[in-house]
Every structure is written in C-alpha cells, then in structure tokens.
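Just below is one structure, and these are the notes that go with it.
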Amino acid sequence: MRRQLVALSALLVLFVLPAFGQSDPSFSAADVFALEWAVDPQMSPDGERIVYVRTSMDKMNDRRQQRLWLVGTDGSSHRKLTGLDVAESSPRWSPDGKHVAFTAGTDEGTEIFVYSFETGHATKITQLDRSPSGLRWSPDGSTIAFSMLVPEDPPSLDASLPEAPEGAEWADRPRVITRLRHEADGTGYLEPGYHHLFVVPATGGTARQITTGSYHHRSTPAWLPDGSGLIFAADRTDDWAHDRRESDLYRVDLSSHKIDRLTDRDGPDHSPAISPNGQRIAYLGFDDRVQTYQNTRLYVMEANGSSRQVITPDLDRSLSDIAWDASGEGLYASYLDSGDTKVARIDLDGSVREITGTVGGTSIGRPYTGGSFSVAANGDIAFTHATSEYPADVAVATGDGQVTRLTRLNSDVLAHRTLGEVEELTWTSEDGRTIQGWMVRPPNFDPDRSYPLLLEIHGGPITSYGPTFSAEIQLYAAAGYVVLYANPRGSTGYGEAFANLLYHDYPGGDYGDLMTGVDAALGAANIDRDRLYVTGGSAGGTMTAWMVGKTNRFRAAVVTKPVMNWYSKTLVADNYYAYANYRYPGYAWENPQKYLEESPISLVGNIETPTMTMVGTDDLRTPPSEARQLYHALKIRQIDTALVQIPGASHHIAARPSQLAAKVAYTLAWFERYP
C-alpha cells in the first residue's frame, strides 16, 4: 500500500503541484499540452517573408497538430496563412513568390493545395488516390512535381476458400506477404505498390505519372532549368529489394519519359540540387564501405553526369539539406558539430564558413539534435532556432552571421516557469577520449543540499543529444533530480571514427563512457552517491539494461523500448534486414555467438537492480517481445520489476502529449519506490 501511495503522489506532483516557495512554478506535465514549436521554415524568394509549420498540442484529441503560419523577416505580420482548420504541412513557395503550395488533410485524404497571396484563398488542386510528398515547383511556376504511391494488388497464393453464406460475418481473409519491407513502425502494414513521380498543373487538373517500373521513387525531385525534366534519386537496379545502402541519380524527360542514369557507384547518391545556370548538379552521398557510420559528403558533377568530384573530402562531418547560392559559386548545407547543428556556406573549392548554429528544437520529448533551414536569393537564411530554454522558433541569419529571432511561440508558458539550468560537462573516458554531456540541475538548485542523480541515455545509438529544450529532461529536473545526459561513442557530430566505434561492438565502450560521466557529475554537483538512477529509450533502453547487468551502482532503473536480444530483434522488427554486416558480422544465424554476446539478455543473470521496463503495444521497431524477455527473466529471478505497456503507442512512445506525460510519470513513480 505504501508503494502505491508513493506512486500516486509522484503522479499528483508531476501534474499539479508547483515547487514550494517559487515566484514561478516549475515545468509540469500539464505544460506539455501548451508547448508549440516551428518546423520547416521556408523563405520567400525575395527574402521578405517566411512560411512555416506551427506545431502544437490538441489537448482535447491528445494529438499533435500542424498549421501553416506566415511571418515577415522583420518580425511583422505574424499570422496564420490560410483559413483552413486541417492538418497542413510541406509549404513550398512558387518561383515568383505569389503562391505557396502545401499538403493538407481532407475528408478524402491528403491533397495538394495552393495559396494565393493575391486572393488570400487556398485552393485544392488535386484529387489523388494516395498521399503526395516531396512537392517541388517548376522553374516557370506552371507545374508542381511530387511523389506518390501507386498501389498494386497484394500477392496471392491462389488458395481455394469457400464463399461465406449471404449475411454471414466471417473473419477477414489471410494476408499474404512476399516483400522484404512490408511494415513500418508508426504506420503498420505497408500497402503494396511503388512510389512514382507525378506532375500536376499548379492551377489544378489531372496528375500525370512520369516514372514507371517496379522501383520506388520517394525522393524530392529537382527540376531542370528549362522545365523539360526532373533529376531524382532512386535505386532502379535489379538488386534494389535486397536492402542495400544504394541509390543513384537519374534524369527523366517529361515528354518521352526516358530515364537516364547519372551516377553508378556503390553507395547512396541523393538530394540533387541544380545550379542556377543548369550546368552543374550538386548532391550528397558516400562510397559504401560497409560499416556502422559513414560521413555523407558533398559532390558536384556536370549536368550530364560527368566530371564528378567530392567538394568536402576533409570535412569530418555529415552534410545535409544542400542549396545553391544565387551566383552558383557555392552552396549552403547543415551539419552537426558537438551537439550543435550548424548552417554553413561551402565554396566549390571546399572551404567551409559557418553562418549560424543553434539550429534545432524540433524534438520536444528528449533533447535530440535536428532542425531545418532554407535560403533566399539574397543569402539570408530562415531556420528553426532553439536553446535549452525553449523549443524551435523561427529565426533569420544574414550572410555575415547576424541572427534575429522572429517568433516566441512559448513566451506565454515558459517565460513564467522556472526551468532546470543546463550546463555542459565534459570528461575523459577510460580509453582517453573526450566525452561531451550536459547536466541539468533542479529549478532553484540549492548547492548546500544533496540531490539524486538521474542518467538519461539517448537512442539510436547513431544519433546525438544537444543543449536544447527537452520536456522530459525538465520534468525529471522539476521532480528534484540532477539529470545527466551525454553523447557517448557512437554519437554523431564528433567525426566518422567516433561514431563508427560501435562497428561490431554495441553495446560496448558506451558503458565506460557513461560510467565515467556519472563520476564526473558526482564531482560537479552535490550528488547523493547512494541515490543514482538510470533510464533510456530504444538504444538508450538497451544500454540501460546492459548497465544494470554490469554494475549495481544504481538504486533503480527504467528500461524503455529496449533491444534485449539482437537475434530476435533482427528477425522480428520492421527493419529486421538492416543490421547484418553494418552493425554485426553476418546474419544472426551465421554468427549467433556474437549476436548473443552483444545482447543485454546475456547479462540478465547478473541484474540485482530493481528494474522496470516500458514499451508501446504497437512498437514494431523494438517489439514488445523484447521488453517482455527482460520482465519475464527478472520475474523468474525474483528481482523487483514491473512491465508498463503504453496502449496503442508505436516506437515513438511519447508521440501523443498524454503518452509523454505518462512515460515520465511512471518512470518517476518507479524511482520513488527506491528512495
């Protein structure tokens, strides 16, 4: 009964009670429903206006919602773009800046709309069978290209089944699956068919299919300057279905539909961008060396596919989101550097000049890096700007790096909350590597008091945390914990060699990186050494299970959506085909001992720490069977444990605001059982 009361009190404090004696209360779970953030800011061609996706929480329907908003680059005229009250996304300016194309949900499904600044109205221009993606205007503004699934009949085994009597209610017929990739986390069963490129008049009409064949064409295309064709990325080789990290660039003629292949190396080539004069094509990619992590580099070639050259051979960072400058003498790109996403200008000689950092703030739950940007003809950059104090706002950076924040989407809430202060912390790992992390103190931290420490581990593991606002981290801090989060080996933004240390070794050296981080935190704040706690999700959950199998230093642990057994995970999850050789040598049945050695289930006999596990019931990435392996093993061993299942949740377990609040509340309730 006492433990039930403790758990209930933790939930009440998290949702209701502000910290005692503060002029402003701490961040609470109720505040999660008030958060807003900017996504996908798109600068108008003249550099005067920005349209962006404003994301907020629909409290009544417990969903995230997206609407298009407009703001001037001087901060004026901040308003909703259209009069529609439906989900809106993917805004793209017409070349003359007089229209914005976007996608919006309707009763019939997702369609393409065009908003006119002259009339102030948005017009639906399509009647599509499936949802469009990758919108791109033609240079003359007359046509919009996009990608869309063209469905096919599902496979059949020609099984002979009796017909149901009239009025009978029989079970649905069996589903036959013959594809390598047939489901996706968050989506479920994938409808059979292939994604193809289409074009539609910008004034409305019938969409015309441009590509054909049994291949997927999911990428956003680039228009040739004269509007005669498209450049796109795809894998149109006979081996495309065997999950290779492979794609090439192709050119398709809109009249003849003839397709020419422009690149042909072993590795992914993608994200084509055509220079203003149409003579060159920039793109991203790398030579596939079959390893866990490989830097994505910038390349440029002639429009016919000749004279390919790498522009950034010496930049030890992965590039994304490339765009030419107006002169055609250089490009803009983003890259992650030590927890900070930056935008830089890259000259064709390979020189790199940083324009701005602090790009991110679009991951609300945990402090993952990310964000996006766009460029105007004058070189001004619109981007999602964030710090540890607020999620993504819209900001503008000039070519000389001057940054102006245009929106303050959370000033009505976060300006009146006392947040945990985020401080960078670095330390040296057991093998002499510098590890970066961040320590978050509770609001109104008292240096004369001792506090419990909560280590929170990121997923991926090939991803990265940064010093950006995180609802989950702030909720842990508001509950009285000093929170430590870090980028151990395998994290991105520290160079290819650092990220690739997980090649054939995960979990591995991460353990030492994180434990030396705990020791560093003990020396940096007044921490109660007997009150150490650990949690993490996805790869962070895997690492949490590994850690409690290696040490008894933690009083309690919460393992969220873990991989416990690489053998079962890699043959059950939606991406079951993606690990062999790139992560571990061979397939599971070819190297079972290696797969077992790297699985936390091999250490479960050592666990003495009270450990709760949590997973969404619809998780296809780390299926619920993985969490149950840990729970069942600990029950058999009579170790304190619990299994928390989040109904209807996919791998993105905190996608709905109530689920984010529940994830944190149950984690804290478990820790409070072991004070």
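In the structure tokens, the first chain shown is A, the next is B, and so on; residue numbers restart at 1 for each chain, and ligands run from 1 in the order shown.
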
Please produce, as JSON lines, a per-residue contact table for stretch 76-151 of chain A versus stretch 232-240 of chain A (criterion: any atom at most 12 Å away, only C-alpha atoms considered), showing the nearest atom pair and its distance in Å to one decimal, sorted by chain then residue number.
```
{"residue": "A:Gly134", "atom": "CA", "partner": "A:Phe232", "partner_atom": "CA", "distance": 10.9}
{"residue": "A:Arg136", "atom": "CA", "partner": "A:Phe232", "partner_atom": "CA", "distance": 11.5}
{"residue": "A:Ala145", "atom": "CA", "partner": "A:Phe232", "partner_atom": "CA", "distance": 11.0}
{"residue": "A:Phe146", "atom": "CA", "partner": "A:Phe232", "partner_atom": "CA", "distance": 10.8}
{"residue": "A:Ser147", "atom": "CA", "partner": "A:Phe232", "partner_atom": "CA", "distance": 10.5}
```

What would the file look like if the residues just selected were written as a PDB file, in the first residue's frame with N, CA and C atoms?
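Result file follows (out.pdb):
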```
ATOM      1  N   GLY A 134       7.090  15.443 -51.157  1.00  0.00           N
ATOM      2  CA  GLY A 134       8.193  15.979 -51.947  1.00  0.00           C
ATOM      3  C   GLY A 134       7.775  16.989 -52.991  1.00  0.00           C
ATOM      4  N   ARG A 136       7.605  20.100 -55.411  1.00  0.00           N
ATOM      5  CA  ARG A 136       8.630  20.956 -55.999  1.00  0.00           C
ATOM      6  C   ARG A 136       8.046  21.692 -57.213  1.00  0.00           C
ATOM      7  N   ALA A 145       5.745  19.139 -59.181  1.00  0.00           N
ATOM      8  CA  ALA A 145       6.115  17.720 -59.172  1.00  0.00           C
ATOM      9  C   ALA A 145       6.002  17.174 -57.761  1.00  0.00           C
ATOM     10  N   PHE A 146       5.730  15.888 -57.653  1.00  0.00           N
ATOM     11  CA  PHE A 146       5.629  15.250 -56.341  1.00  0.00           C
ATOM     12  C   PHE A 146       5.756  13.742 -56.506  1.00  0.00           C
ATOM     13  N   SER A 147       5.842  13.059 -55.378  1.00  0.00           N
ATOM     14  CA  SER A 147       5.917  11.595 -55.365  1.00  0.00           C
ATOM     15  C   SER A 147       4.658  11.048 -54.712  1.00  0.00           C
TER      16      SER A 147
END
```

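Residues with any atom within 12 Å of A:Pro95, counting only C-alpha atoms and excluding same-chain neighbours fewer than 3 positions away, are Met43, Ser44, Pro45, Asp46, Arg92, Lys98, His99, Val100, Ala101, Arg136, Trp137, Ser138, Pro139, Asp140, Gly141, Ser142, Thr143, Ile144, Ala202, Trp223, Pro225, Ala376 and Ala377 of chain A.
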
Using only C-alpha atoms, can you tell me which of A:His385, A:Arg251, A:Arg345, A:Arg628 comes closest to A:Thr358? A:His385

Quick one: DSSP strand (DSSP E or B) residues in stretch 411-642 of chain A, as a short mmCIF file (atom, residue, chain, number, x, y, z; two decimals) with N, CA and C atoms, in the first residue's frame?
```cif
data_model
loop_
_atom_site.label_atom_id
_atom_site.label_comp_id
_atom_site.auth_asym_id
_atom_site.auth_seq_id
_atom_site.Cartn_x
_atom_site.Cartn_y
_atom_site.Cartn_z
N THR A 418 10.03 28.24 -13.96
CA THR A 418 11.43 28.14 -13.55
C THR A 418 11.96 26.80 -14.06
N VAL A 422 20.74 24.17 -17.63
CA VAL A 422 21.51 23.19 -18.39
C VAL A 422 22.96 23.67 -18.48
N GLU A 423 23.88 22.80 -18.09
CA GLU A 423 25.30 23.13 -18.08
C GLU A 423 26.08 22.05 -18.82
N GLU A 424 26.97 22.46 -19.72
CA GLU A 424 27.80 21.50 -20.42
C GLU A 424 28.82 20.88 -19.47
N LEU A 425 29.06 19.60 -19.67
CA LEU A 425 30.02 18.87 -18.84
C LEU A 425 30.81 17.95 -19.76
N THR A 426 32.13 18.02 -19.70
CA THR A 426 32.96 17.10 -20.48
C THR A 426 33.86 16.31 -19.54
N TRP A 427 34.23 15.12 -20.00
CA TRP A 427 35.10 14.27 -19.20
C TRP A 427 35.91 13.36 -20.12
N THR A 428 36.83 12.66 -19.54
CA THR A 428 37.70 11.76 -20.30
C THR A 428 37.29 10.32 -20.04
N THR A 434 37.55 12.27 -25.24
CA THR A 434 36.75 13.33 -24.64
C THR A 434 35.27 13.07 -24.93
N ILE A 435 34.48 13.04 -23.87
CA ILE A 435 33.05 12.78 -23.98
C ILE A 435 32.30 14.04 -23.55
N GLN A 436 31.32 14.42 -24.34
CA GLN A 436 30.53 15.62 -24.05
C GLN A 436 29.17 15.22 -23.49
N GLY A 437 28.74 15.95 -22.48
CA GLY A 437 27.43 15.75 -21.91
C GLY A 437 26.89 17.03 -21.34
N TRP A 438 25.72 16.95 -20.75
CA TRP A 438 25.08 18.10 -20.15
C TRP A 438 24.45 17.68 -18.83
N MET A 439 24.55 18.55 -17.84
CA MET A 439 23.98 18.30 -16.53
C MET A 439 22.90 19.35 -16.29
N VAL A 440 21.74 18.90 -15.86
CA VAL A 440 20.61 19.78 -15.62
C VAL A 440 20.29 19.74 -14.13
N TYR A 451 21.42 15.91 -3.91
CA TYR A 451 20.35 15.54 -4.83
C TYR A 451 20.62 14.16 -5.42
N PRO A 452 19.54 13.46 -5.78
CA PRO A 452 19.73 12.22 -6.53
C PRO A 452 20.15 12.53 -7.96
N LEU A 453 20.85 11.61 -8.60
CA LEU A 453 21.29 11.77 -9.98
C LEU A 453 20.53 10.81 -10.88
N LEU A 454 20.04 11.33 -11.99
CA LEU A 454 19.34 10.51 -12.98
C LEU A 454 20.13 10.57 -14.29
N LEU A 455 20.66 9.45 -14.72
CA LEU A 455 21.35 9.34 -16.00
C LEU A 455 20.34 8.96 -17.06
N GLU A 456 20.19 9.80 -18.11
CA GLU A 456 19.25 9.55 -19.20
C GLU A 456 20.05 9.33 -20.48
N ILE A 457 19.82 8.19 -21.17
CA ILE A 457 20.68 7.75 -22.28
C ILE A 457 19.91 7.85 -23.60
N TYR A 465 22.43 13.93 -28.80
CA TYR A 465 21.74 14.90 -27.96
C TYR A 465 22.45 16.25 -28.08
N VAL A 482 19.08 15.82 -10.28
CA VAL A 482 20.10 16.31 -11.19
C VAL A 482 20.15 15.32 -12.35
N VAL A 483 19.96 15.81 -13.57
CA VAL A 483 19.87 14.93 -14.73
C VAL A 483 21.15 15.05 -15.54
N LEU A 484 21.71 13.92 -15.90
CA LEU A 484 22.89 13.86 -16.75
C LEU A 484 22.52 13.17 -18.06
N TYR A 485 22.81 13.84 -19.18
CA TYR A 485 22.68 13.17 -20.48
C TYR A 485 23.92 13.46 -21.30
N ALA A 486 24.26 12.56 -22.21
CA ALA A 486 25.58 12.62 -22.84
C ALA A 486 25.56 12.06 -24.24
N ASN A 487 26.67 12.27 -24.94
CA ASN A 487 26.90 11.70 -26.26
C ASN A 487 28.10 10.76 -26.20
N ILE A 527 25.88 15.49 -5.24
CA ILE A 527 25.05 14.32 -5.54
C ILE A 527 25.14 13.32 -4.40
N ASP A 528 23.98 12.76 -4.05
CA ASP A 528 23.93 11.67 -3.08
C ASP A 528 24.38 10.39 -3.80
N ARG A 529 25.56 9.91 -3.48
CA ARG A 529 26.14 8.76 -4.18
C ARG A 529 25.34 7.49 -4.01
N ASP A 530 24.45 7.46 -3.03
CA ASP A 530 23.61 6.28 -2.82
C ASP A 530 22.27 6.39 -3.53
N ARG A 531 22.08 7.47 -4.28
CA ARG A 531 20.80 7.66 -4.97
C ARG A 531 21.07 7.96 -6.45
N LEU A 532 21.55 6.95 -7.14
CA LEU A 532 21.82 7.05 -8.57
C LEU A 532 20.76 6.24 -9.32
N TYR A 533 20.21 6.83 -10.39
CA TYR A 533 19.15 6.18 -11.16
C TYR A 533 19.51 6.27 -12.65
N VAL A 534 18.97 5.36 -13.44
CA VAL A 534 19.31 5.33 -14.86
C VAL A 534 18.09 4.95 -15.68
N THR A 535 17.95 5.59 -16.83
CA THR A 535 16.89 5.25 -17.77
C THR A 535 17.32 5.64 -19.18
N GLY A 536 16.61 5.14 -20.15
CA GLY A 536 16.87 5.47 -21.56
C GLY A 536 15.88 4.74 -22.43
N GLY A 537 15.70 5.23 -23.65
CA GLY A 537 14.75 4.62 -24.56
C GLY A 537 15.39 4.15 -25.84
N ALA A 556 17.81 2.08 -8.89
CA ALA A 556 16.70 1.59 -9.69
C ALA A 556 16.94 2.00 -11.14
N ALA A 557 16.27 1.30 -12.05
CA ALA A 557 16.43 1.54 -13.48
C ALA A 557 15.09 1.41 -14.18
N VAL A 558 14.91 2.17 -15.25
CA VAL A 558 13.74 2.03 -16.13
C VAL A 558 14.25 1.83 -17.55
N VAL A 559 13.97 0.67 -18.09
CA VAL A 559 14.42 0.27 -19.42
C VAL A 559 13.23 0.45 -20.37
N THR A 560 13.32 1.42 -21.27
CA THR A 560 12.20 1.76 -22.15
C THR A 560 12.48 1.30 -23.57
N ALA A 580 22.80 -6.72 -40.48
CA ALA A 580 23.88 -7.63 -40.82
C ALA A 580 25.02 -6.90 -41.51
N TYR A 584 26.65 -5.85 -37.12
CA TYR A 584 27.29 -7.07 -36.62
C TYR A 584 27.75 -7.92 -37.80
N THR A 611 14.30 -3.10 -11.60
CA THR A 611 14.26 -2.62 -12.99
C THR A 611 12.87 -2.76 -13.57
N MET A 612 12.30 -1.62 -13.95
CA MET A 612 11.02 -1.61 -14.65
C MET A 612 11.30 -1.52 -16.15
N THR A 613 10.44 -2.11 -16.96
CA THR A 613 10.57 -1.98 -18.40
C THR A 613 9.26 -1.46 -18.97
N MET A 614 9.37 -0.66 -20.03
CA MET A 614 8.21 0.04 -20.60
C MET A 614 8.28 -0.05 -22.12
N VAL A 615 7.12 -0.24 -22.76
CA VAL A 615 7.10 -0.36 -24.21
C VAL A 615 5.70 -0.05 -24.71
N GLY A 616 5.61 0.46 -25.94
CA GLY A 616 4.31 0.66 -26.58
C GLY A 616 3.80 -0.65 -27.15
N THR A 641 10.54 -5.90 -10.30
CA THR A 641 10.36 -5.49 -11.68
C THR A 641 8.90 -5.17 -11.93
N ALA A 642 8.64 -4.51 -13.02
CA ALA A 642 7.28 -4.23 -13.49
C ALA A 642 7.35 -4.03 -14.99
#
```

Residues within 7 Å of A:Asn565, only C-alpha atoms, excluding chain neighbours under 6 positions, as an MDAnalysis selection string: chainID A and resid 596 599:601 626

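Minimum atom-to-atom distances from A:Ser275, A:Thr263, A:Ser77, A:Gln645 to A:Ser307 were compared using only C-alpha atoms, and the lowest value belongs to A:Thr263.
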
At what distance in Å, to one decimal, does atom CA of A:Val396 lie from atom CA of A:Gly328? 21.7 Å

Between atom CA of A:Pro610 and atom CA of A:Tyr567, what is the distance in Å, rounded to a tenth? 25.3 Å

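Minimum atom-to-atom distance to A:Leu197, evaluated using only C-alpha atoms, belongs to A:Val150 out of A:Ala499, A:Ala184, A:Val150, A:Ala477.
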
Between atom CA of A:Ser658 and atom CA of A:Ala478 - distance in Å to one decimal: 17.8 Å
